[in-house]
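Peer 1: Compact mmCIF, C-alpha atoms and all ligand atoms, saved as run38.txt, coming up:
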# COMPACT_ATOMS: atom_id res chain seq x y z
CA MET A 284 -1.86 11.36 19.57
CA GLU A 285 1.05 11.13 17.16
CA LEU A 286 2.05 8.50 14.62
CA LEU A 287 5.77 8.77 14.00
CA VAL A 288 7.72 6.94 11.31
CA SER A 289 11.46 7.28 11.97
CA ASP A 290 14.15 6.46 9.45
CA VAL A 291 12.40 3.35 8.15
CA SER A 292 13.87 1.15 5.40
CA LYS A 293 12.80 -1.95 3.48
CA ARG A 294 14.64 -3.96 0.82
CA PHE A 295 13.29 -6.68 -1.44
CA GLU A 296 16.34 -8.62 -2.60
CA GLY A 297 18.06 -6.14 -4.91
CA VAL A 298 15.45 -3.39 -4.59
CA ALA A 299 15.65 -0.65 -1.95
CA ALA A 300 11.87 -0.13 -1.83
CA VAL A 301 11.98 2.37 1.07
CA SER A 302 15.23 4.02 2.24
CA GLY A 303 15.43 5.96 5.51
CA VAL A 304 12.00 7.57 5.35
CA SER A 305 10.60 9.58 8.27
CA LEU A 306 7.16 11.13 8.55
CA ALA A 307 4.68 12.24 11.17
CA CYS A 308 0.91 12.42 11.39
CA ASN A 309 -0.98 13.94 14.30
CA ALA A 310 -4.53 13.19 15.39
CA GLY A 311 -6.93 15.15 13.20
CA GLU A 312 -4.35 15.77 10.47
CA ILE A 313 -4.72 14.66 6.85
CA VAL A 314 -1.36 13.88 5.28
CA GLY A 315 -0.72 12.93 1.65
CA LEU A 316 1.86 10.50 0.34
CA ILE A 317 2.58 10.84 -3.36
CA GLY A 318 5.18 9.75 -5.89
CA PRO A 319 5.47 7.88 -9.16
CA ASN A 320 4.79 4.15 -9.62
CA GLY A 321 7.23 2.05 -7.62
CA ALA A 322 8.24 4.97 -5.36
CA GLY A 323 7.65 2.87 -2.22
CA LYS A 324 4.32 4.37 -1.05
CA THR A 325 2.46 1.08 -0.52
CA THR A 326 5.55 -0.55 1.02
CA LEU A 327 5.65 2.30 3.57
CA LEU A 328 1.93 1.85 4.36
CA ASN A 329 2.46 -1.91 4.63
CA MET A 330 5.15 -1.32 7.25
CA ILE A 331 2.98 1.15 9.19
CA SER A 332 0.15 -1.41 9.26
CA SER A 333 2.67 -4.18 10.10
CA LEU A 334 1.76 -6.21 7.03
CA LEU A 335 5.49 -6.02 6.37
CA THR A 336 8.29 -5.89 8.93
CA VAL A 337 10.71 -2.95 8.84
CA ASP A 338 14.36 -3.77 8.09
CA THR A 339 15.55 -0.78 10.11
CA GLY A 340 13.95 2.22 11.79
CA SER A 341 10.92 2.49 14.03
CA ILE A 342 7.21 3.34 13.98
CA THR A 343 5.59 4.62 17.17
CA LEU A 344 2.16 5.67 18.41
CA ASP A 345 2.65 8.28 21.12
CA GLY A 346 6.13 6.89 21.68
CA ARG A 347 5.00 3.24 21.86
CA PRO A 348 6.64 1.04 19.18
CA VAL A 349 4.07 -0.48 16.80
CA HIS A 350 6.33 -1.86 14.04
CA ASN A 351 6.67 -5.60 13.47
CA ILE A 352 3.74 -6.46 15.77
CA GLY A 353 1.51 -7.97 13.05
CA PRO A 354 -1.59 -6.51 11.38
CA ARG A 355 -4.12 -7.60 14.02
CA ARG A 356 -2.27 -6.02 16.92
CA THR A 357 -1.69 -2.90 14.82
CA ALA A 358 -5.44 -2.61 14.20
CA ILE A 359 -6.14 -3.05 17.90
CA ALA A 360 -3.51 -0.40 18.67
CA GLY A 361 -5.58 2.04 16.56
CA ILE A 362 -4.23 1.92 13.00
CA ALA A 363 -6.70 0.87 10.28
CA ARG A 364 -6.23 0.78 6.52
CA THR A 365 -7.62 0.16 3.06
CA PHE A 366 -5.81 -1.59 0.22
CA GLN A 367 -4.66 -0.57 -3.24
CA ASN A 368 -6.30 -3.78 -4.49
CA ILE A 369 -9.61 -3.85 -2.64
CA ARG A 370 -9.81 -6.67 -0.08
CA LEU A 371 -13.47 -6.87 0.92
CA PHE A 372 -15.17 -10.14 1.88
CA SER A 373 -16.82 -10.47 -1.52
CA ASN A 374 -19.58 -12.88 -0.45
CA LEU A 375 -20.65 -10.83 2.55
CA THR A 376 -23.03 -7.89 2.35
CA VAL A 377 -21.86 -4.33 2.84
CA ARG A 378 -23.25 -4.31 6.37
CA GLN A 379 -21.67 -7.67 7.22
CA ASN A 380 -18.27 -6.47 5.97
CA ILE A 381 -18.48 -3.49 8.32
CA GLU A 382 -19.83 -5.62 11.17
CA VAL A 383 -16.72 -7.83 11.15
CA ALA A 384 -14.55 -4.84 12.01
CA PHE A 385 -17.11 -3.35 14.38
CA THR A 386 -17.17 -6.60 16.41
CA THR A 387 -13.38 -6.45 16.77
CA ALA A 388 -13.67 -2.82 17.91
CA ARG A 389 -16.34 -3.70 20.49
CA GLN A 390 -14.07 -6.40 21.90
CA HIS A 391 -10.75 -4.58 21.84
CA ARG A 392 -11.35 -0.85 21.40
CA ALA A 393 -14.54 -0.29 23.40
CA SER A 394 -13.25 2.93 24.94
CA ALA A 395 -12.59 4.40 21.47
CA LEU A 396 -16.04 3.59 20.07
CA GLY A 397 -17.88 6.67 21.40
CA ALA A 398 -21.01 7.33 19.34
CA LEU A 399 -19.80 5.19 16.44
CA THR A 400 -22.50 3.06 14.82
CA ILE A 401 -22.59 1.05 11.61
CA GLU A 402 -25.55 3.15 10.43
CA ARG A 403 -23.67 6.41 10.93
CA LEU A 404 -20.63 5.05 9.08
CA MET A 405 -22.73 3.92 6.13
CA ASP A 406 -24.44 7.30 6.09
CA GLN A 407 -21.13 9.22 6.15
CA LEU A 408 -19.77 7.18 3.24
CA GLY A 409 -23.05 7.32 1.28
CA ILE A 410 -23.48 3.54 1.14
CA THR A 411 -26.67 3.07 3.21
CA ASN A 412 -28.63 2.10 0.10
CA PHE A 413 -26.20 -0.76 -0.56
CA SER A 414 -26.36 -2.16 2.98
CA GLY A 415 -27.88 -5.53 1.99
CA ARG A 416 -25.96 -5.96 -1.27
CA LYS A 417 -23.04 -8.34 -1.66
CA ALA A 418 -19.74 -6.50 -1.89
CA SER A 419 -18.82 -8.25 -5.15
CA GLU A 420 -21.94 -6.85 -6.89
CA LEU A 421 -20.97 -3.22 -6.35
CA ALA A 422 -19.23 -0.76 -8.63
CA TYR A 423 -15.54 -0.25 -7.93
CA GLY A 424 -15.94 3.23 -6.47
CA THR A 425 -18.66 1.99 -4.09
CA GLN A 426 -16.46 -0.91 -2.97
CA ARG A 427 -13.75 1.61 -2.11
CA ARG A 428 -16.17 3.53 0.09
CA VAL A 429 -17.27 0.28 1.80
CA GLU A 430 -13.63 -0.52 2.50
CA ILE A 431 -13.15 2.90 4.11
CA ALA A 432 -16.28 2.36 6.24
CA ARG A 433 -14.96 -1.05 7.31
CA ALA A 434 -11.59 0.45 8.30
CA LEU A 435 -13.37 3.20 10.27
CA ALA A 436 -15.51 0.62 12.08
CA LEU A 437 -12.34 -0.23 14.01
CA ALA A 438 -12.63 3.26 15.59
CA PRO A 439 -9.02 3.94 14.59
CA ASN A 440 -6.82 6.79 15.76
CA PHE A 441 -5.14 6.69 12.35
CA LEU A 442 -6.61 5.73 8.99
CA LEU A 443 -4.32 4.73 6.10
CA LEU A 444 -5.84 4.95 2.60
CA ASP A 445 -4.01 3.43 -0.39
CA GLU A 446 -5.34 5.08 -3.56
CA PRO A 447 -8.95 5.59 -2.44
CA THR A 448 -9.96 7.34 -5.68
CA ALA A 449 -8.64 4.60 -8.00
CA GLY A 450 -11.58 3.36 -10.06
CA MET A 451 -13.82 6.23 -9.03
CA VAL A 452 -15.68 8.15 -11.70
CA GLU A 453 -15.56 11.94 -12.06
CA GLY A 454 -17.37 13.58 -9.14
CA GLU A 455 -17.03 10.58 -6.83
CA SER A 456 -13.53 11.61 -5.79
CA GLN A 457 -14.73 15.16 -4.98
CA GLU A 458 -17.47 13.63 -2.82
CA LEU A 459 -14.79 11.57 -1.10
CA VAL A 460 -12.96 14.79 -0.21
CA GLY A 461 -16.08 15.92 1.69
CA ALA A 462 -16.53 12.51 3.32
CA ILE A 463 -12.91 12.35 4.56
CA MET A 464 -13.11 15.92 5.91
CA SER A 465 -16.31 15.23 7.85
CA ILE A 466 -15.01 11.90 9.18
CA ARG A 467 -11.95 13.72 10.51
CA GLU A 468 -14.22 16.28 12.22
CA TRP A 469 -16.43 13.56 13.66
CA MET A 470 -13.87 10.93 14.72
CA GLY A 471 -10.79 13.12 15.16
CA CYS A 472 -8.53 10.54 13.55
CA GLY A 473 -5.37 11.29 11.61
CA VAL A 474 -5.35 10.20 7.96
CA ILE A 475 -2.45 9.21 5.70
CA VAL A 476 -3.61 9.00 2.10
CA ILE A 477 -1.78 7.80 -1.01
CA ASP A 478 -3.19 8.92 -4.35
CA HIS A 479 -2.10 9.68 -7.90
CA ASP A 480 -4.86 12.28 -8.33
CA LEU A 481 -2.99 15.42 -7.34
CA SER A 482 -6.07 17.65 -7.34
CA PHE A 483 -7.67 15.24 -4.84
CA ILE A 484 -4.49 15.29 -2.69
CA THR A 485 -4.33 19.09 -2.84
CA SER A 486 -8.01 19.39 -1.84
CA VAL A 487 -7.87 17.01 1.10
CA CYS A 488 -4.37 17.25 2.63
CA GLU A 489 -2.77 19.79 4.93
CA ARG A 490 0.67 18.34 4.38
CA VAL A 491 2.24 16.23 1.64
CA TYR A 492 5.24 13.90 1.53
CA VAL A 493 6.80 13.10 -1.84
CA LEU A 494 8.60 9.80 -2.36
CA ASP A 495 10.76 8.84 -5.32
CA MET A 496 12.71 5.61 -5.68
CA GLY A 497 12.21 4.81 -2.00
CA GLN A 498 13.44 8.16 -0.74
CA LEU A 499 11.67 11.17 0.68
CA VAL A 500 12.41 14.01 -1.72
CA ALA A 501 10.08 16.76 -0.49
CA ALA A 502 7.61 17.50 2.29
CA GLY A 503 5.42 20.45 3.17
CA PRO A 504 2.06 22.06 2.40
CA PRO A 505 0.40 21.00 -0.88
CA THR A 506 2.02 24.03 -2.55
CA VAL A 507 5.30 22.01 -2.63
CA LEU A 508 3.71 20.09 -5.50
CA ARG A 509 3.69 23.29 -7.50
CA ASP A 510 6.75 25.09 -6.13
CA ASP A 511 9.42 22.49 -5.32
CA PRO A 512 11.73 21.97 -8.32
CA LYS A 513 12.48 18.36 -7.24
CA VAL A 514 8.80 17.52 -7.47
CA ALA A 515 8.52 19.10 -10.89
CA GLU A 516 11.59 17.11 -11.97
CA ILE A 517 10.02 13.85 -10.80
CA TYR A 518 6.69 14.46 -12.47
CA LEU A 519 7.73 16.44 -15.54
CA GLY A 520 11.45 15.69 -16.00
CA ARG A 521 10.89 11.95 -16.08
CA LYS A 522 8.29 12.29 -18.80
CA ALA A 523 10.62 14.52 -20.79
CA ARG A 524 13.48 12.01 -20.39
CA GLN A 525 11.22 9.14 -21.45
CA ARG A 526 10.26 11.09 -24.56
CA SER A 527 13.88 11.78 -25.49
CA GLU A 528 14.88 8.14 -24.82
CA THR A 529 12.12 6.98 -27.14
CA THR A 530 13.37 9.35 -29.81
CA ALA A 531 16.98 8.25 -29.25
CA GLY A 532 15.89 4.62 -29.55
CA GLN A 533 14.80 5.35 -33.11
CA THR A 534 18.11 6.80 -34.32
CA PRO A 535 20.25 4.71 -36.74
CA ARG A 536 23.21 4.83 -34.32
CA GLN A 537 21.16 3.17 -31.57
CA THR A 538 20.00 0.49 -33.99
CA GLN A 539 23.61 -0.31 -35.06
CA SER A 540 24.88 -0.54 -31.50
CA ARG A 541 22.40 -3.33 -30.57
N1 LIG A 601 6.63 -8.03 -2.19
C1 LIG A 601 7.55 -7.49 -2.98
N2 LIG A 601 8.59 -8.21 -3.47
C2 LIG A 601 9.54 -7.65 -4.25
N3 LIG A 601 9.54 -6.35 -4.61
C3 LIG A 601 8.54 -5.58 -4.17
C4 LIG A 601 7.48 -6.09 -3.35
N4 LIG A 601 6.63 -5.08 -3.05
C5 LIG A 601 7.11 -3.99 -3.67
N5 LIG A 601 8.23 -4.28 -4.34
C6 LIG A 601 9.06 -3.33 -5.12
O1 LIG A 601 9.33 -2.22 -4.25
C7 LIG A 601 9.24 -1.00 -4.98
C8 LIG A 601 8.18 -0.11 -4.34
O2 LIG A 601 6.90 -0.67 -4.59
P1 LIG A 601 5.57 -0.05 -4.00
O3 LIG A 601 4.47 -0.99 -4.34
O4 LIG A 601 5.76 0.28 -2.57
O5 LIG A 601 5.43 1.29 -4.85
P2 LIG A 601 4.23 2.34 -4.94
O6 LIG A 601 4.83 3.68 -4.71
O7 LIG A 601 3.12 1.92 -4.07
O8 LIG A 601 3.82 2.23 -6.48
P3 LIG A 601 2.36 2.35 -7.20
O9 LIG A 601 2.07 3.81 -7.32
O10 LIG A 601 2.55 1.70 -8.51
O11 LIG A 601 1.37 1.64 -6.34
C9 LIG A 601 8.96 -1.38 -6.43
O12 LIG A 601 10.18 -1.44 -7.11
C10 LIG A 601 8.32 -2.74 -6.31
O13 LIG A 601 8.53 -3.51 -7.47
MG MG A 602 1.15 1.41 -4.36
Could I get this file's structure written as structure tokens?
Ligand SMILES: Nc1ncnc2c1ncn2[C@@H]1O[C@H](COP(=O)(O)OP(=O)(O)OP(=O)(O)O)[C@@H](O)[C@H]1O
Ligand SMILES: [Mg+2]

Peer 2:
Amino acid sequence: MELLVSDVSKRFEGVAAVSGVSLACNAGEIVGLIGPNGAGKTTLLNMISSLLTVDTGSITLDGRPVHNIGPRRTAIAGIARTFQNIRLFSNLTVRQNIEVAFTTARQHRASALGALTIERLMDQLGITNFSGRKASELAYGTQRRVEIARALALAPNFLLLDEPTAGMVEGESQELVGAIMSIREWMGCGVIVIDHDLSFITSVCERVYVLDMGQLVAAGPPTVLRDDPKVAEIYLGRKARQRSETTAGQTPRQTQSR
């Protein structure tokens, strides 16, 4: 199965949030999406999950268009996601949160369920001990793992993760690498993951796409992060420019011209 994003764009009034971006993810592949703040990563994921409509371009699952069909139909088509700002049902327990998605899967994705059980999901994500606890009582990193388990309870063909390591403490993100790898082995789903932790991205992804100011600037194996001069410019050049602008802002000439 293939998830194909073709020449997709999205504007918010004056802002070109995503401009003509194309990417592909195959079943069983783990693909990274990186770039500085405001690069358009979440907007792209929001279009893939149909939380946002695309202005132009198309998104297909094995050739079948899945853009602009709404989040529920996208989930039923086999695309599940987590959110940059966690969106669990805070008053439900961990198990109940997962059950909500599992019920939808039983109704609409029965053929994809296979040997999937809530117990196995909780075990894979290391959250069995929290099963009866309310989501709101859990540490941030644990909530992120619950959200991943809930997304996987839809038995998706593709899993979209928006900054899964945000709020995780040292060590937790390395454990997440192992969990994502074994989930891929077990369920065979493709994964698109956004994260700012480049060592996490390098450990978990086979391929990486780099966005900057809404545009795709590089793509390839994780070594592009090290070897592609455009990527270095984005991550290092910008910092250098910011430093020199700060210095320039302190010169007498700048002060006079204001
Ligand atoms: N709903 C919205 N209305 C207006 N502008 C938006 C909206 N959502 C995103 N934007 C703008 O679109 C651009 C891309 O934002 P987006 O959230 O996709 O970036 P991002 O790469 O996910 O950044 P971050 O790493 O900070 O999460 C930004 O300039 C942002 O301000
Ligand atoms: Mg984002």

Peer 1: When distances are computed from only C-alpha atoms, which of A:Ser333, A:Ser373, A:Leu494, A:Leu435 shows the smallest separation from Gly321 in chain A?

Peer 2: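 Among the listed residues, A:Leu494 lies closest to Gly321 in chain A.
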
Peer 1: May I ask for the distance between CA of Thr376 in chain A and CA of Arg416 in chain A, given in Å to one decimal place?

Peer 2: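 Between CA of Thr376 in chain A and CA of Arg416 in chain A the gap works out to 5.0 Å.
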
Peer 1: Could you list, with a cut-off of 7 Å and counting all atoms listed in the file, the residues of chain A near ligand LIG 601 (chain A), each shown with its nearest atom pair and the distance in Å rounded to one decimal, rows sorted by chain and ascending number, as a tab-separated table?

Peer 2:
residue	atom	partner	partner_atom	distance
A:Phe295	CA	A:LIG601	C2	4.8
A:Val298	CA	A:LIG601	O12	6.2
A:Ala299	CA	A:LIG601	O1	6.9
A:Ala300	CA	A:LIG601	O1	4.1
A:Gly318	CA	A:LIG601	O6	6.2
A:Pro319	CA	A:LIG601	O9	5.6
A:Asn320	CA	A:LIG601	O10	3.5
A:Gly321	CA	A:LIG601	O5	3.4
A:Ala322	CA	A:LIG601	O6	3.7
A:Gly323	CA	A:LIG601	O4	3.2
A:Lys324	CA	A:LIG601	O6	3.8
A:Thr325	CA	A:LIG601	O7	3.7
A:Thr326	CA	A:LIG601	O4	3.7
A:Leu327	CA	A:LIG601	O4	6.5
A:Gly497	CA	A:LIG601	C8	6.8

Peer 1: Filtering to C-alpha atoms, could you give me those residues as a tab-separated table (two decimals), in the frame of the given file?

Peer 2:
chain	number	residue	atom	x	y	z
A	295	PHE	CA	13.29	-6.68	-1.44
A	298	VAL	CA	15.45	-3.39	-4.59
A	299	ALA	CA	15.65	-0.65	-1.95
A	300	ALA	CA	11.87	-0.13	-1.83
A	318	GLY	CA	5.18	9.75	-5.89
A	319	PRO	CA	5.47	7.88	-9.16
A	320	ASN	CA	4.79	4.15	-9.62
A	321	GLY	CA	7.23	2.05	-7.62
A	322	ALA	CA	8.24	4.97	-5.36
A	323	GLY	CA	7.65	2.87	-2.22
A	324	LYS	CA	4.32	4.37	-1.05
A	325	THR	CA	2.46	1.08	-0.52
A	326	THR	CA	5.55	-0.55	1.02
A	327	LEU	CA	5.65	2.30	3.57
A	497	GLY	CA	12.21	4.81	-2.00

Peer 1: Out of A:Ala388, A:Val491, A:Met470, A:Leu444, which residue has the shortest atom-to-atom distance to ligand MG 602 (chain A) when counting all atoms listed in the file?

Peer 2: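 Using all atoms listed in the file, ligand MG 602 (chain A) sits closest to A:Leu444.
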
Peer 1: What's the 12 Å shell around Gly461 in chain A, counting only C-alpha atoms, without same-chain residues fewer than 5 positions away, as JSON, numbers by chain?

Peer 2: {"A": [407, 408, 409, 454, 455, 456, 466, 467, 468, 483, 486, 487, 488]}

Peer 1: Can you measure CA of Ser302 in chain A to CA of Ile359 in chain A for me? One decimal in Å is fine.

Peer 2: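 Calculated distance between CA of Ser302 in chain A and CA of Ile359 in chain A is 27.4 Å.
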
Peer 1: Would you compute the distance between CA of Thr365 in chain A and CA of Tyr518 in chain A? Give it in Å to one decimal.

Peer 2: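 Pair CA of Thr365 in chain A / CA of Tyr518 in chain A returns 25.5 Å.
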
Peer 1: Restricting the calculation to only C-alpha atoms and all ligand atoms, which member of A:Ala395, A:Ala449, A:Val337, A:Leu404 is positioned closest to ligand MG 602 (chain A)?

Peer 2: A:Ala449

Peer 1: Using all atoms listed in the file, pick whichever of A:Val304, A:Ile317, A:Ala438, A:Ala358 has the shortest atom-to-atom distance to ligand MG 602 (chain A).

Peer 2: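 Closest to ligand MG 602 (chain A), using all atoms listed in the file: A:Ile317.
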
Peer 1: Which one is closest to ligand MG 602 (chain A): A:Gly471, A:Leu335, A:Asn412, A:Asp478? Count all atoms listed in the file.

Peer 2: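 Counting all atoms listed in the file, the residue closest to ligand MG 602 (chain A) is A:Asp478.
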
Peer 1: Might you pull out every residue within 10 Å of Ala363 in chain A, with only C-alpha atoms counted and same-chain residues fewer than 6 positions away left off, and present them as number ranges by chain?

Peer 2: A: 331-332, 354-355, 357, 384, 431, 433-444, 474

Peer 1: Can you tell me which residues surround Gln426 in chain A at a distance of at most 12 Å, considering all atoms listed in the file, apart from same-chain residues fewer than 5 positions away, and format the answer as a ChimeraX atom specification?

Peer 2: /A:365-373,376-377,380-381,408-410,413-414,416-421,431-433,447-451

Peer 1: Using all atoms listed in the file, which of the listed residues (A:Ile477, A:Leu399, A:Leu334, A:Val383) sits closest to ligand MG 602 (chain A)?

Peer 2: A:Ile477
